[in-house]
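A.B. asks: Below you will find the structure I want to go over with you.
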Amino acid sequence: MSVRPTDASPRGSAPAPRPAQASALGAPQPQPPRPQTSAADSEPRPLHASALDAAARHPERVAAISVDGRSGEVRGRITYRELAEASARVAGGLRELGVGRGDVVSAIVPNRLEFSVLVLAISRLGAVFSGLPTAIGRARGEATVTRSGARVLVAAPGEPLALALALRDVCPRLEHVVALDGADAQGALPYELLAAAAPLTGEEPVDAHALAHIGFTSGTTGEPKGVMNTHATLGAVCRAWVEHVGGDETFGDPAVNLVASPVGHHTGFLWGALLSARLAATAVYLDRWIPAVAAETIARLGVTTMHGAPTFLQDLVRVERFDAARARSLRIVTLAGAPIPRELVPAAAARLDAAIVPAWGMTEYGIAISASPAMRKARLEAGDGVPVGAAQARVTRDGAPVATGEVGALEIRGPGLFTGYHEREDATREAFDADGWFATGDLASIADDGVVALQGRTKDIIVRGGENVPVAEVESTLFRHPDVVEAAVVAVPDERLGERALAVVAVVPGRRPPSLAELVDFCLAQGLSKHYLPEYVAHVEALPKTGSGKVLKTELRDRYQGVPDGR
């Protein structure tokens, strides 16, 4: 089954491929068919245009705030006028280092206001940004920086800077390391020198269809790949989603956006820096996640919106006295980046006077499916939303569309879709069909009213004796257990049946972990089919996750390849 929004124009023949791009990134990259945009889509613009517009309209509005995640102390703030001026200087400094159109600048930095300055400066040069998580290891860091071809790497003090200096010696195209705090430069170029450089002059227009970002997938199920997005694809995502949820006024006037997801991940980059600029919002950068501090920050700074994995909201609703009265400024909370326990949305909505909006996206298509505050409760509880803007979604099995309501492989296309995998022609060809449909690697079903329900990753499928076990349904059932705070279900090998289901659970601190028999009884009482029941259980203090909150199921599968305890 496929679904398109009612305001999308009908598709005719397959779109023509875009000509291959050649730049300082190396050889031309293969381009998948470029989806048509609807008449409702406005003309695409470069990423920095929104921030410069905000500087012209609201020069003294605070654009970004840095908050110490341990203490809640505000460490710095910058207005939109200052942001425009600072980005011009940093762009000028980068140009002095030889950075030009198509060159890649990478960063290993925490959530700080300098991130907004850096992203804006790179965009103004027509260069390409590629972020890395601060916890990245040496092997992954070397592979990522080498693959992206970064010429400059900006790093925070401590381990990120030490790694950056080591990478300078082994990554062939890496020429300069910039230390975010000059006092700890350790032989790198202090960021303060960039910030004090002569402003960029002779600024030339940037092509909205030029490459703007290489985001490396988190690799929760395999090797990370460099996802190429243009100014146009990223802008289309932000523009369409804001309209989808009700327009700028939905987020507050002015909007105050809590950026808790790491900016080295696509979530923090897109929902933090880019969406904040699109809304002319104040981005509140929280450099670490301590729920009580985050709750206090929301109340004290009047946060109106936040976006991130369900983990963030789960943590907040457990904070004592964090309720509608304490968080009265909060208007909309968007959940994306990991499976959403069905019980979390109504539970949080009952406690907070804010719209809780599930959404789904990936580095390849930032926000393709989303609910909205206007969706009826029944539709919201039935799934994760509908295609956003001109995005289209369909569900297939073996390449053919499935019937309404059946689970299959989710495929998407639309104006926000990435242009290909960097230096991976093989992966790009494999990901797209001739009509531009992208295979997401997710399982989903689409109801007759167009609501899409995500059912987990295709690689999460457990095939027990020839029958598929719906992992998302089992996990959602486990989440309802009063003692369970986190749950993941993975396959363990079995000689007779091929695979069996293992439930990995973390419990409320101080509670006794439920036995397998107790979990089975609970699942049966909740109506879970007998042949979907977990057959093993493992208890952990917390599930392993990426910095953006995604559960690392590859790590769980590797950890429990043998027969686990607790059957």
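Letters A, B, ... mark the chains of the structure tokens in the order given; residue numbers begin at 1 per chain; ligand numbers begin at 1, in order shown.
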Neighbours of stretch 191-207 of chain A within 9 Å (only C-alpha atoms; same-chain residues fewer than 4 positions away dropped), as a list in words?
C.D. replies: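 Listed by chain and then number, they are Arg45, Pro46, Glu85, Ala86, Ser87, Ala88, Arg89, Val90, Ala91, Gly92, Gly93, Leu94, Arg95, Glu96, Arg101, Ser123, Arg124, Leu125, Gly126, Val154, Val178, Ala179, Leu180, Asp181, Gly182, Ala185, Leu211, His231 and Ala232 of chain A.
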A.B. asks: I'd like the contact shell of A:Cys238 - 10 Å cut-off, only C-alpha atoms, skipping same-chain residues fewer than 2 positions apart - returned as a count of residues only.
C.D. replies: 20
A.B. asks: Tell me, as a PyMOL selection string, which residues lie within 7 Å of stretch 65-77 of chain A, counting only C-alpha atoms; anything in the same chain fewer than 2 positions away does not count.
C.D. replies: chain A and resi 62+79+112-113+283-290+293+297
A.B. asks: Would you save the residues of that selection, restricted to C-alpha atoms, as a PDB file, in the first residue's frame?
C.D. replies:
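Output file again22.pdb follows:
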```
ATOM      1  CA  VAL A  62      18.431  35.811  21.576  1.00  0.00           C
ATOM      2  CA  THR A  79      21.524  37.504  19.618  1.00  0.00           C
ATOM      3  CA  ARG A 112      27.024  24.928  22.693  1.00  0.00           C
ATOM      4  CA  LEU A 113      25.975  28.129  20.971  1.00  0.00           C
ATOM      5  CA  ALA A 283      18.080  27.525  20.726  1.00  0.00           C
ATOM      6  CA  VAL A 284      18.861  26.407  24.282  1.00  0.00           C
ATOM      7  CA  TYR A 285      21.900  24.139  23.991  1.00  0.00           C
ATOM      8  CA  LEU A 286      22.140  21.700  26.903  1.00  0.00           C
ATOM      9  CA  ASP A 287      25.601  20.112  26.910  1.00  0.00           C
ATOM     10  CA  ARG A 288      24.691  16.996  28.894  1.00  0.00           C
ATOM     11  CA  TRP A 289      21.496  15.250  29.948  1.00  0.00           C
ATOM     12  CA  ILE A 290      20.582  15.219  33.621  1.00  0.00           C
ATOM     13  CA  VAL A 293      18.588  19.925  35.471  1.00  0.00           C
ATOM     14  CA  THR A 297      16.042  24.656  32.577  1.00  0.00           C
TER      15      THR A 297
END
```
A.B. asks: Just the number, please: distance in Å from atom CA of A:Leu352 to atom CA of A:Ser476, one decimal.
C.D. replies: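 Calculated distance between atom CA of A:Leu352 and atom CA of A:Ser476 is 21.7 Å.
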A.B. asks: With stretch 329-346 of chain A as the partner and 9 Å as the cut-off, tabulate the residues of stretch 412-498 of chain A that qualify, each row holding the nearest pair of atoms and their distance in Å to one decimal, using only C-alpha atoms, sorted by chain and rising number, as JSON lines.
C.D. replies:
```
{"residue": "A:Leu454", "atom": "CA", "partner": "A:Pro339", "partner_atom": "CA", "distance": 7.9}
{"residue": "A:Gln455", "atom": "CA", "partner": "A:Pro339", "partner_atom": "CA", "distance": 8.3}
{"residue": "A:Gly456", "atom": "CA", "partner": "A:Pro339", "partner_atom": "CA", "distance": 7.1}
{"residue": "A:Ala472", "atom": "CA", "partner": "A:Pro339", "partner_atom": "CA", "distance": 7.5}
{"residue": "A:Glu475", "atom": "CA", "partner": "A:Pro341", "partner_atom": "CA", "distance": 7.8}
{"residue": "A:Ser476", "atom": "CA", "partner": "A:Pro341", "partner_atom": "CA", "distance": 5.3}
{"residue": "A:Thr477", "atom": "CA", "partner": "A:Pro341", "partner_atom": "CA", "distance": 8.5}
{"residue": "A:Phe479", "atom": "CA", "partner": "A:Pro341", "partner_atom": "CA", "distance": 6.5}
{"residue": "A:Arg480", "atom": "CA", "partner": "A:Glu343", "partner_atom": "CA", "distance": 6.9}
```
A.B. asks: Quick one: of A:Asp460, A:Asp103, A:Asp323, A:Asp253, who's nearest to A:Glu473, counting only C-alpha atoms?
C.D. replies: A:Asp460
A.B. asks: So which one's closest to A:His531, A:Val152, A:Leu97, A:Val474, A:Val227? Using only C-alpha atoms, please.
C.D. replies: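 Nearest candidate to A:His531 out of A:Val152, A:Leu97, A:Val474, A:Val227: A:Val474.
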A.B. asks: Between A:Leu524, A:Val471, A:Val170, A:Ala164, which one has atoms that come closest to A:Thr146, using only C-alpha atoms?
C.D. replies: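 Among the listed residues, A:Val170 lies closest to A:Thr146.
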A.B. asks: Please identify which residues in stretch 153-203 of chain A DSSP calls strand (DSSP E) from the backbone, and express them as a list in words.
C.D. replies: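 Residues meeting the strand (DSSP E) criterion: Leu153, Val154, Ala155, His176, Val177, Val178, Ala179, Leu189 and Pro190 of chain A.
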A.B. asks: Export C-alpha atoms of the chosen residues as a PDB file, in the first residue's frame?
C.D. replies:
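result-v2.pdb written:
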```pdb
ATOM      1  CA  LEU A 153      38.086  19.511  12.109  1.00  0.00           C
ATOM      2  CA  VAL A 154      36.779  21.623  14.996  1.00  0.00           C
ATOM      3  CA  ALA A 155      37.026  19.871  18.364  1.00  0.00           C
ATOM      4  CA  HIS A 176      43.685  21.868  10.130  1.00  0.00           C
ATOM      5  CA  VAL A 177      42.440  21.133  13.650  1.00  0.00           C
ATOM      6  CA  VAL A 178      40.652  23.963  15.459  1.00  0.00           C
ATOM      7  CA  ALA A 179      40.361  23.870  19.269  1.00  0.00           C
ATOM      8  CA  LEU A 189      44.465  26.507  15.944  1.00  0.00           C
ATOM      9  CA  PRO A 190      42.416  28.307  18.636  1.00  0.00           C
TER      10      PRO A 190
END
```
A.B. asks: Enumerate the residues of stretch 240-466 of chain A with a DSSP assignment of alpha helix (DSSP H), computed from the backbone, and present them as JSON, numbers by chain.
C.D. replies: {"A": [240, 241, 242, 243, 244, 266, 267, 275, 276, 277, 278, 291, 292, 293, 294, 295, 296, 297, 298, 299, 300, 301, 310, 311, 312, 313, 314, 315, 316, 317, 344, 345, 346, 347, 348, 349, 350, 351, 377, 378, 379, 380, 381, 382, 425, 426, 427, 428, 429, 430, 431]}
A.B. asks: Take the residues just selected and output them with C-alpha atoms as a PDB file, in the first residue's frame.
C.D. replies:
```
ATOM      1  CA  ALA A 240       7.098  21.089   5.442  1.00  0.00           C
ATOM      2  CA  TRP A 241       7.164  19.867   9.028  1.00  0.00           C
ATOM      3  CA  VAL A 242       6.548  23.313  10.532  1.00  0.00           C
ATOM      4  CA  GLU A 243       3.518  23.689   8.256  1.00  0.00           C
ATOM      5  CA  HIS A 244       2.397  20.135   9.058  1.00  0.00           C
ATOM      6  CA  HIS A 266      21.516  14.367  12.720  1.00  0.00           C
ATOM      7  CA  THR A 267      18.744  14.942  15.266  1.00  0.00           C
ATOM      8  CA  LEU A 275      14.776  24.235  12.955  1.00  0.00           C
ATOM      9  CA  SER A 276      15.643  26.974  15.463  1.00  0.00           C
ATOM     10  CA  ALA A 277      16.779  29.251  12.642  1.00  0.00           C
ATOM     11  CA  ARG A 278      13.686  28.381  10.583  1.00  0.00           C
ATOM     12  CA  PRO A 291      16.770  15.044  33.807  1.00  0.00           C
ATOM     13  CA  ALA A 292      16.342  17.204  36.911  1.00  0.00           C
ATOM     14  CA  VAL A 293      18.588  19.925  35.471  1.00  0.00           C
ATOM     15  CA  ALA A 294      16.783  19.755  32.135  1.00  0.00           C
ATOM     16  CA  ALA A 295      13.414  20.095  33.874  1.00  0.00           C
ATOM     17  CA  GLU A 296      14.635  23.143  35.788  1.00  0.00           C
ATOM     18  CA  THR A 297      16.042  24.656  32.577  1.00  0.00           C
ATOM     19  CA  ILE A 298      12.705  24.224  30.808  1.00  0.00           C
ATOM     20  CA  ALA A 299      10.916  26.036  33.614  1.00  0.00           C
ATOM     21  CA  ARG A 300      13.493  28.795  34.148  1.00  0.00           C
ATOM     22  CA  LEU A 301      14.133  29.705  30.506  1.00  0.00           C
ATOM     23  CA  PRO A 310      11.454   9.066  23.719  1.00  0.00           C
ATOM     24  CA  THR A 311      14.132   8.537  26.376  1.00  0.00           C
ATOM     25  CA  PHE A 312      14.210  12.279  27.065  1.00  0.00           C
ATOM     26  CA  LEU A 313      10.480  12.502  27.747  1.00  0.00           C
ATOM     27  CA  GLN A 314      10.490   9.266  29.748  1.00  0.00           C
ATOM     28  CA  ASP A 315      13.166  10.771  31.982  1.00  0.00           C
ATOM     29  CA  LEU A 316      11.345  14.080  32.381  1.00  0.00           C
ATOM     30  CA  VAL A 317       8.003  12.616  33.426  1.00  0.00           C
ATOM     31  CA  LEU A 344       4.246   7.148  26.785  1.00  0.00           C
ATOM     32  CA  VAL A 345       2.240   9.610  24.692  1.00  0.00           C
ATOM     33  CA  PRO A 346      -1.039   9.506  26.672  1.00  0.00           C
ATOM     34  CA  ALA A 347       0.844   9.299  29.987  1.00  0.00           C
ATOM     35  CA  ALA A 348       2.897  12.402  29.214  1.00  0.00           C
ATOM     36  CA  ALA A 349      -0.072  14.253  27.749  1.00  0.00           C
ATOM     37  CA  ALA A 350      -2.008  13.648  30.964  1.00  0.00           C
ATOM     38  CA  ARG A 351       0.790  15.203  33.007  1.00  0.00           C
ATOM     39  CA  LYS A 377      -6.671  10.926  19.555  1.00  0.00           C
ATOM     40  CA  ALA A 378      -7.778   7.650  17.949  1.00  0.00           C
ATOM     41  CA  ARG A 379      -5.615   8.263  14.878  1.00  0.00           C
ATOM     42  CA  LEU A 380      -2.677   9.292  17.046  1.00  0.00           C
ATOM     43  CA  GLU A 381      -2.884   6.132  19.121  1.00  0.00           C
ATOM     44  CA  ALA A 382      -3.114   3.992  15.975  1.00  0.00           C
ATOM     45  CA  GLU A 425      27.827   4.044  -5.332  1.00  0.00           C
ATOM     46  CA  ASP A 426      26.936   0.457  -4.477  1.00  0.00           C
ATOM     47  CA  ALA A 427      24.876   1.434  -1.436  1.00  0.00           C
ATOM     48  CA  THR A 428      23.171   4.256  -3.344  1.00  0.00           C
ATOM     49  CA  ARG A 429      22.095   1.960  -6.171  1.00  0.00           C
ATOM     50  CA  GLU A 430      20.843  -0.638  -3.715  1.00  0.00           C
ATOM     51  CA  ALA A 431      18.782   1.878  -1.724  1.00  0.00           C
TER      52      ALA A 431
END
```
A.B. asks: Provide the atom CA of A:Ala542 to atom CA of A:Ala309 distance in Å, to one decimal place.
C.D. replies: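 Separation between atom CA of A:Ala542 and atom CA of A:Ala309: 15.2 Å.
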A.B. asks: Which value, in Å to one decimal, gives the distance between atom CA of A:Glu486 and atom CA of A:Ala359?
C.D. replies: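 Atom CA of A:Ala359 lies 19.8 Å from atom CA of A:Glu486.
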A.B. asks: Choose the residue, out of A:Ser372, A:Ser529, A:Thr546, A:Thr250, that has the smallest atom-to-atom separation from A:Leu132; count only C-alpha atoms.
C.D. replies: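 Going through A:Ser372, A:Ser529, A:Thr546, A:Thr250 one by one, the smallest distance to A:Leu132 is for A:Thr546.
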A.B. asks: What lies within 10 Å of A:Val508 using only C-alpha atoms, ignoring chain neighbours under 3 positions off, as a ChimeraX atom specification?
C.D. replies: /A:482-486,511-513,541
A.B. asks: Residues within 10 Å of A:Glu535, please, as a list in words. Count only C-alpha atoms; anything in the same chain fewer than 6 positions from it doesn't count.
C.D. replies: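 Here the qualifying residues turn out to be Val492, Arg500, Ala501, Leu502, Ala503, Leu516, Ala517, Leu519, Val520, Gly566 and Arg567 of chain A.
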A.B. asks: Please produce a file of the residues just selected, as a PDB file, in the first residue's frame, where the atoms kept are N, CA and C atoms.
C.D. replies:
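And here is the file that came out, again26.pdb:
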```
ATOM      1  N   VAL A 492      17.911 -14.466  19.314  1.00  0.00           N
ATOM      2  CA  VAL A 492      19.062 -15.297  19.659  1.00  0.00           C
ATOM      3  C   VAL A 492      18.939 -16.581  18.840  1.00  0.00           C
ATOM      4  N   ARG A 500      14.887 -17.431  18.455  1.00  0.00           N
ATOM      5  CA  ARG A 500      13.920 -17.215  19.526  1.00  0.00           C
ATOM      6  C   ARG A 500      14.059 -15.777  20.026  1.00  0.00           C
ATOM      7  N   ALA A 501      13.041 -15.309  20.741  1.00  0.00           N
ATOM      8  CA  ALA A 501      13.017 -13.923  21.201  1.00  0.00           C
ATOM      9  C   ALA A 501      13.607 -13.790  22.603  1.00  0.00           C
ATOM     10  N   LEU A 502      14.536 -12.855  22.729  1.00  0.00           N
ATOM     11  CA  LEU A 502      15.122 -12.500  24.021  1.00  0.00           C
ATOM     12  C   LEU A 502      14.656 -11.102  24.397  1.00  0.00           C
ATOM     13  N   ALA A 503      14.095 -10.958  25.595  1.00  0.00           N
ATOM     14  CA  ALA A 503      13.722  -9.645  26.117  1.00  0.00           C
ATOM     15  C   ALA A 503      14.840  -9.139  27.021  1.00  0.00           C
ATOM     16  N   LEU A 516      11.285 -14.348  33.924  1.00  0.00           N
ATOM     17  CA  LEU A 516      10.702 -14.636  32.616  1.00  0.00           C
ATOM     18  C   LEU A 516       9.250 -15.065  32.764  1.00  0.00           C
ATOM     19  N   ALA A 517       8.970 -15.923  33.747  1.00  0.00           N
ATOM     20  CA  ALA A 517       7.598 -16.396  33.937  1.00  0.00           C
ATOM     21  C   ALA A 517       6.660 -15.236  34.250  1.00  0.00           C
ATOM     22  N   LEU A 519       7.077 -12.083  33.356  1.00  0.00           N
ATOM     23  CA  LEU A 519       6.902 -11.288  32.145  1.00  0.00           C
ATOM     24  C   LEU A 519       5.945 -11.969  31.171  1.00  0.00           C
ATOM     25  N   VAL A 520       6.060 -13.288  31.055  1.00  0.00           N
ATOM     26  CA  VAL A 520       5.167 -14.032  30.165  1.00  0.00           C
ATOM     27  C   VAL A 520       3.725 -13.898  30.635  1.00  0.00           C
ATOM     28  N   GLY A 566      18.273 -17.080  32.444  1.00  0.00           N
ATOM     29  CA  GLY A 566      16.940 -16.570  32.716  1.00  0.00           C
ATOM     30  C   GLY A 566      15.846 -17.134  31.860  1.00  0.00           C
ATOM     31  N   ARG A 567      16.122 -18.267  31.162  1.00  0.00           N
ATOM     32  CA  ARG A 567      15.032 -18.834  30.364  1.00  0.00           C
ATOM     33  C   ARG A 567      13.954 -19.402  31.267  1.00  0.00           C
TER      34      ARG A 567
END
```
A.B. asks: Find the spatial neighbours of A:Val104, counting only C-alpha atoms, within a cut-off of 8 Å - ignore same-chain residues fewer than 5 positions away - and output them as a ChimeraX atom specification.
C.D. replies: /A:25,99,127-130,148-152
A.B. asks: Choose the residue, out of A:Lys545, A:Lys550, A:Arg81, A:His213, that has the smallest atom-to-atom separation from A:His58; count only C-alpha atoms.
C.D. replies: A:Arg81
A.B. asks: Got a sec: who's within 12 Å of A:Ala56, counting only C-alpha atoms, leaving out chain neighbours fewer than 2 positions off, as a PyMOL selection string?
C.D. replies: chain A and resi 49-54+58-61+79-85+280
A.B. asks: Which residue, A:Ala107, A:Val469, A:Val451, A:Ala439, has the smallest gap to A:Pro262 when you use only C-alpha atoms?
C.D. replies: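 Between A:Ala107, A:Val469, A:Val451, A:Ala439, the residue approaching A:Pro262 most closely is A:Ala107.
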